[in-house]
>>> print(open('target_20.cif').read())   # mmCIF, C-alpha atoms
data_query
#
loop_
_atom_site.group_PDB
_atom_site.id
_atom_site.type_symbol
_atom_site.label_atom_id
_atom_site.label_comp_id
_atom_site.auth_asym_id
_atom_site.auth_seq_id
_atom_site.Cartn_x
_atom_site.Cartn_y
_atom_site.Cartn_z
ATOM 1 C CA MET A 7 0.000 0.000 0.000
ATOM 2 C CA THR A 8 1.366 3.398 -0.931
ATOM 3 C CA ASP A 9 1.698 6.300 1.467
ATOM 4 C CA VAL A 10 -0.984 8.202 -0.463
ATOM 5 C CA ALA A 11 -3.436 5.286 -0.323
ATOM 6 C CA GLU A 12 -2.678 4.734 3.365
ATOM 7 C CA HIS A 13 -3.219 8.447 4.071
ATOM 8 C CA ASP A 14 -6.505 8.422 2.121
ATOM 9 C CA LEU A 15 -7.696 5.366 4.042
ATOM 10 C CA THR A 16 -6.772 6.949 7.396
ATOM 11 C CA ALA A 17 -8.562 10.162 6.421
ATOM 12 C CA GLU A 18 -11.671 8.210 5.365
ATOM 13 C CA ILE A 19 -11.703 6.271 8.649
ATOM 14 C CA GLU A 20 -11.471 9.547 10.590
ATOM 15 C CA ARG A 21 -14.249 11.085 8.489
ATOM 16 C CA LEU A 22 -16.460 8.061 9.192
ATOM 17 C CA ARG A 23 -15.706 8.295 12.943
ATOM 18 C CA VAL A 24 -16.762 11.954 12.976
ATOM 19 C CA GLU A 25 -19.903 11.121 10.992
ATOM 20 C CA LEU A 26 -20.736 8.256 13.379
ATOM 21 C CA GLU A 27 -20.395 10.562 16.391
ATOM 22 C CA ALA A 28 -22.693 13.096 14.729
ATOM 23 C CA TRP A 29 -25.287 10.368 14.138
ATOM 24 C CA LYS A 30 -24.996 9.195 17.748
ATOM 25 C CA THR A 31 -25.568 12.772 18.952
ATOM 26 C CA ARG A 32 -28.626 13.130 16.697
ATOM 27 C CA ALA A 33 -30.009 9.783 17.856
ATOM 28 C CA ALA A 34 -29.587 10.759 21.518
ATOM 29 C CA ALA A 35 -31.343 14.086 20.880
ATOM 30 C CA ALA A 36 -34.192 12.345 19.047
ATOM 31 C CA GLU A 37 -34.559 9.823 21.866
ATOM 32 C CA ALA A 38 -34.696 12.598 24.474
ATOM 33 C CA ALA A 39 -37.253 14.497 22.394
ATOM 34 C CA ALA A 40 -39.401 11.376 22.153
ATOM 35 C CA ASP A 41 -39.934 11.464 25.936
ATOM 36 C CA HIS A 42 -40.572 15.194 26.365
ATOM 37 C CA ASP A 43 -43.660 17.259 25.713
ATOM 38 C CA VAL A 44 -43.366 19.454 22.630
ATOM 39 C CA LEU A 45 -44.898 22.480 24.367
ATOM 40 C CA THR A 46 -43.908 22.372 28.031
ATOM 41 C CA PRO A 47 -40.725 21.441 29.912
ATOM 42 C CA ALA A 48 -42.493 18.315 31.239
ATOM 43 C CA LEU A 49 -42.242 14.707 30.135
ATOM 44 C CA ASN A 50 -44.835 13.505 27.645
ATOM 45 C CA ARG A 51 -47.033 10.498 28.409
ATOM 46 C CA ARG A 52 -44.454 8.044 27.052
ATOM 47 C CA GLY A 53 -41.659 9.564 29.135
ATOM 48 C CA PHE A 54 -43.834 9.723 32.232
ATOM 49 C CA ILE A 55 -44.868 6.063 31.919
ATOM 50 C CA THR A 56 -41.166 5.188 31.690
ATOM 51 C CA ALA A 57 -40.534 7.196 34.881
ATOM 52 C CA LEU A 58 -43.436 5.375 36.589
ATOM 53 C CA GLN A 59 -42.051 1.981 35.588
ATOM 54 C CA ARG A 60 -38.582 2.885 36.820
ATOM 55 C CA THR A 61 -39.995 4.201 40.109
ATOM 56 C CA MET A 62 -42.146 1.120 40.698
ATOM 57 C CA ALA A 63 -39.113 -1.114 40.186
ATOM 58 C CA TYR A 64 -37.061 1.046 42.570
ATOM 59 C CA CYS A 65 -39.810 1.009 45.203
ATOM 60 C CA GLN A 66 -40.172 -2.747 44.914
ATOM 61 C CA ARG A 67 -36.452 -3.345 45.189
ATOM 62 C CA HIS A 68 -35.715 -0.919 48.028
ATOM 63 C CA GLY A 69 -39.026 -0.904 49.893
ATOM 64 C CA VAL A 70 -39.507 2.853 49.654
ATOM 65 C CA PRO A 71 -42.770 4.762 49.174
ATOM 66 C CA ALA A 72 -43.871 6.846 46.218
ATOM 67 C CA VAL A 73 -46.986 8.818 45.456
ATOM 68 C CA LEU A 74 -48.677 9.819 42.224
ATOM 69 C CA LEU A 75 -50.670 13.038 41.752
ATOM 70 C CA TYR A 76 -52.981 13.448 38.770
ATOM 71 C CA LEU A 77 -54.175 16.943 37.803
ATOM 72 C CA ASP A 78 -56.972 17.996 35.519
ATOM 73 C CA MET A 79 -57.125 21.761 35.219
ATOM 74 C CA ASP A 80 -60.425 23.374 36.158
ATOM 75 C CA GLY A 81 -61.912 25.902 33.753
ATOM 76 C CA PHE A 82 -59.050 25.658 31.299
ATOM 77 C CA LYS A 83 -61.365 25.878 28.299
ATOM 78 C CA SER A 84 -62.342 29.385 29.396
ATOM 79 C CA VAL A 85 -58.668 30.475 29.205
ATOM 80 C CA ASN A 86 -58.579 29.408 25.553
ATOM 81 C CA ASP A 87 -62.017 30.903 24.855
ATOM 82 C CA ARG A 88 -61.368 34.265 26.562
ATOM 83 C CA LEU A 89 -57.694 34.821 25.789
ATOM 84 C CA GLY A 90 -56.956 32.595 22.789
ATOM 85 C CA HIS A 91 -55.006 29.426 22.210
ATOM 86 C CA ALA A 92 -51.612 31.110 22.511
ATOM 87 C CA ALA A 93 -52.600 32.135 26.043
ATOM 88 C CA GLY A 94 -53.753 28.586 26.729
ATOM 89 C CA ASP A 95 -50.351 27.313 25.627
ATOM 90 C CA ALA A 96 -48.653 29.882 27.882
ATOM 91 C CA ALA A 97 -50.821 28.703 30.778
ATOM 92 C CA LEU A 98 -49.787 25.072 30.212
ATOM 93 C CA VAL A 99 -46.125 26.070 30.158
ATOM 94 C CA ALA A 100 -46.631 28.079 33.378
ATOM 95 C CA VAL A 101 -48.248 25.068 35.080
ATOM 96 C CA ALA A 102 -45.404 22.727 34.091
ATOM 97 C CA GLU A 103 -42.806 25.260 35.233
ATOM 98 C CA LEU A 104 -44.624 25.762 38.544
ATOM 99 C CA PHE A 105 -44.690 22.019 39.180
ATOM 100 C CA LEU A 106 -41.046 21.537 38.252
ATOM 101 C CA ALA A 107 -40.031 24.418 40.513
ATOM 102 C CA ASN A 108 -41.923 22.873 43.443
ATOM 103 C CA LEU A 109 -40.686 19.291 43.174
ATOM 104 C CA ARG A 110 -37.342 17.641 43.809
ATOM 105 C CA GLU A 111 -34.916 16.476 41.130
ATOM 106 C CA SER A 112 -35.840 12.871 41.967
ATOM 107 C CA ASP A 113 -39.512 13.555 41.158
ATOM 108 C CA ALA A 114 -41.129 13.673 37.719
ATOM 109 C CA VAL A 115 -43.695 15.879 36.003
ATOM 110 C CA GLY A 116 -45.559 14.766 32.910
ATOM 111 C CA ARG A 117 -48.107 16.384 30.647
ATOM 112 C CA LEU A 118 -50.325 13.486 29.708
ATOM 113 C CA GLY A 119 -52.314 15.401 27.133
ATOM 114 C CA GLY A 120 -54.452 18.507 26.866
ATOM 115 C CA ASP A 121 -54.691 20.053 30.317
ATOM 116 C CA GLU A 122 -53.859 16.915 32.296
ATOM 117 C CA PHE A 123 -50.626 16.551 34.232
ATOM 118 C CA ALA A 124 -49.168 13.897 36.521
ATOM 119 C CA LEU A 125 -46.557 14.276 39.228
ATOM 120 C CA LEU A 126 -44.539 11.440 40.692
ATOM 121 C CA MET A 127 -42.868 11.831 44.077
ATOM 122 C CA LEU A 128 -40.329 9.272 45.257
ATOM 123 C CA HIS A 129 -39.749 8.751 48.995
ATOM 124 C CA ALA A 130 -43.164 10.239 49.735
ATOM 125 C CA GLY A 131 -46.404 8.665 50.900
ATOM 126 C CA TYR A 132 -50.086 9.467 50.633
ATOM 127 C CA GLU A 133 -50.098 12.263 53.215
ATOM 128 C CA GLU A 134 -47.100 13.969 51.614
ATOM 129 C CA GLY A 135 -48.879 13.688 48.276
ATOM 130 C CA ARG A 136 -52.038 15.275 49.667
ATOM 131 C CA ALA A 137 -50.016 18.082 51.223
ATOM 132 C CA LYS A 138 -48.198 18.688 47.938
ATOM 133 C CA ALA A 139 -51.514 18.689 46.044
ATOM 134 C CA ARG A 140 -52.904 21.328 48.438
ATOM 135 C CA GLN A 141 -49.743 23.431 48.110
ATOM 136 C CA LEU A 142 -49.755 23.240 44.314
ATOM 137 C CA SER A 143 -53.481 23.933 44.118
ATOM 138 C CA GLU A 144 -52.964 27.103 46.145
ATOM 139 C CA ALA A 145 -49.937 28.067 44.032
ATOM 140 C CA LEU A 146 -51.990 27.688 40.841
ATOM 141 C CA LYS A 147 -54.514 30.178 42.233
ATOM 142 C CA THR A 148 -52.059 32.696 43.647
ATOM 143 C CA GLU A 149 -49.378 32.558 40.956
ATOM 144 C CA GLY A 150 -51.547 31.777 37.934
ATOM 145 C CA PHE A 151 -49.938 33.112 34.791
ATOM 146 C CA VAL A 152 -49.582 36.486 33.116
ATOM 147 C CA TRP A 153 -50.850 37.122 29.604
ATOM 148 C CA ASP A 154 -50.751 40.540 27.960
ATOM 149 C CA GLY A 155 -49.905 42.071 31.309
ATOM 150 C CA GLN A 156 -52.959 40.544 32.966
ATOM 151 C CA LYS A 157 -52.667 37.946 35.705
ATOM 152 C CA THR A 158 -55.055 35.020 35.322
ATOM 153 C CA GLU A 159 -55.809 32.588 38.131
ATOM 154 C CA LEU A 160 -55.575 28.893 37.371
ATOM 155 C CA GLY A 161 -57.064 25.941 39.181
ATOM 156 C CA GLY A 162 -57.191 22.211 39.086
ATOM 157 C CA SER A 163 -58.425 19.050 40.689
ATOM 158 C CA PHE A 164 -55.829 16.611 42.012
ATOM 159 C CA GLY A 165 -56.166 12.897 42.519
ATOM 160 C CA VAL A 166 -53.610 11.284 44.838
ATOM 161 C CA ARG A 167 -52.621 7.602 44.906
ATOM 162 C CA ALA A 168 -49.749 6.089 46.854
ATOM 163 C CA TRP A 169 -47.771 3.200 45.405
ATOM 164 C CA ASP A 170 -49.029 0.011 47.018
ATOM 165 C CA GLY A 171 -47.118 -2.615 45.113
ATOM 166 C CA HIS A 172 -48.429 -1.646 41.666
ATOM 167 C CA THR A 173 -46.670 -3.477 38.875
ATOM 168 C CA ASP A 174 -48.604 -1.866 36.023
ATOM 169 C CA ALA A 175 -47.896 1.829 35.403
ATOM 170 C CA GLU A 176 -51.120 2.362 33.462
ATOM 171 C CA ALA A 177 -53.182 0.830 36.286
ATOM 172 C CA TRP A 178 -51.581 3.136 38.857
ATOM 173 C CA LEU A 179 -52.178 6.122 36.594
ATOM 174 C CA THR A 180 -55.814 5.063 36.077
ATOM 175 C CA GLU A 181 -56.341 4.895 39.847
ATOM 176 C CA ALA A 182 -54.945 8.418 40.297
ATOM 177 C CA ASP A 183 -57.113 9.654 37.414
ATOM 178 C CA ALA A 184 -60.202 8.100 39.033
ATOM 179 C CA ALA A 185 -59.334 9.758 42.364
ATOM 180 C CA MET A 186 -59.062 13.077 40.529
ATOM 181 C CA TRP A 187 -62.524 12.643 38.987
ATOM 182 C CA VAL A 188 -64.039 11.872 42.392
ATOM 183 C CA ARG A 189 -62.541 15.121 43.661
ATOM 184 C CA LYS A 190 -63.605 17.108 40.581
ATOM 185 C CA LYS A 191 -67.211 15.891 40.789
ATOM 186 C CA GLY A 192 -67.292 16.687 44.512
ATOM 187 C CA ARG A 193 -66.753 20.384 43.821
#
>>> encode(input="target_20.cif", output="structure tokens")
Amino acid sequence: MTDVAEHDLTAEIERLRVELEAWKTRAAAAEAAADHDVLTPALNRRGFITALQRTMAYCQRHGVPAVLLYLDMDGFKSVNDRLGHAAGDAALVAVAELFLANLRESDAVGRLGGDEFALLMLHAGYEEGRAKARQLSEALKTEGFVWDGQKTELGGSFGVRAWDGHTDAEAWLTEADAAMWVRKKGR
């Protein structure tokens, strides 16, 4: 093999290594995007279910508690109707940011669709979940969000369900959703 051919081969191998790294970076970014909501800084349903599965396995293995909060926003349709869909989007972003700011790094926030959110708290039981739901409910009212210089109050109904050996993430989520509806109908 000549020096020129050897040099060309070495250069091609290096070019392919660089290209492979670029593809790996793109794949990692696409994978991360697949688990995150396109509008808010929260996980999407897929990402949140993954977090639930991971948490259930951790709880099972280490015997620690966890609690799931399910939120359906109250009166959200009126935000869209009165202020427009851009304001509704801003409200959803504000809710996700509020939740993320009021939870620990070990917890998870997911936007499950529309105006429904779920929060997962590790090393917390039912009473801690209820207390957090009360705190966040009050924060939604007092902090709300600002649109066109006008502060708008937000509200929501929370369902709370502690992990009790669940092995199916969807079943646990369904229980928290049902608890939320009981609360919402009781208003």
>>> closest_residue(input="target_20.cif", among="A:Thr56, A:Ser112, A:Asn86, A:Thr31", to="Trp153 in chain A", atoms="all atoms listed in the file")
A:Asn86
>>> atom_distance(input="target_20.cif", atom1="CA of Leu125 in chain A", atom2="CA of Tyr76 in chain A")
6.5 Å
>>> resolve_selection(input="target_20.cif", expression="the PyMOL selection byres ((chain A and resi 152) around 12)", output="list in words")
Val85, Leu89, Ala93, Gly94, Asp95, Ala96, Ala97, Leu98, Val99, Ala100, Val101, Leu146, Thr148, Glu149, Gly150, Phe151, Trp153, Asp154, Gly155, Gln156, Lys157, Thr158, Glu159 and Leu160 of chain A
>>> residues_near_point(input="target_20.cif", point="(-39.8, 1.1, 41.5)", cutoff="12 Å", atoms="all atoms listed in the file", output="ChimeraX atom specification")
/A:55-73,126-129,169-175
>>> closest_residue(input="target_20.cif", among="A:Ala124, A:Ala184, A:Leu104, A:Ala114", to="Ala145 in chain A", atoms="all atoms listed in the file")
A:Leu104
>>> atom_distance(input="target_20.cif", atom1="CA of Pro47 in chain A", atom2="CA of Ala137 in chain A")
23.5 Å
>>> atom_distance(input="target_20.cif", atom1="CA of Asp113 in chain A", atom2="CA of Glu134 in chain A")
12.9 Å
>>> closest_residue(input="target_20.cif", among="A:Asp80, A:Leu118, A:Gly90, A:Ala102", to="Lys191 in chain A", atoms="only C-alpha atoms")
A:Asp80
>>> resolve_selection(input="target_20.cif", expression="the PyMOL selection byres ((chain A and resi 163) around 10)", output="list in words")
Leu75, Tyr76, Leu77, Asp78, Met79, Asp80, Glu122, Ala139, Arg140, Ser143, Gly161, Gly162, Phe164, Gly165, Ala185, Met186, Trp187, Val188, Arg189, Lys190, Lys191, Gly192 and Arg193 of chain A
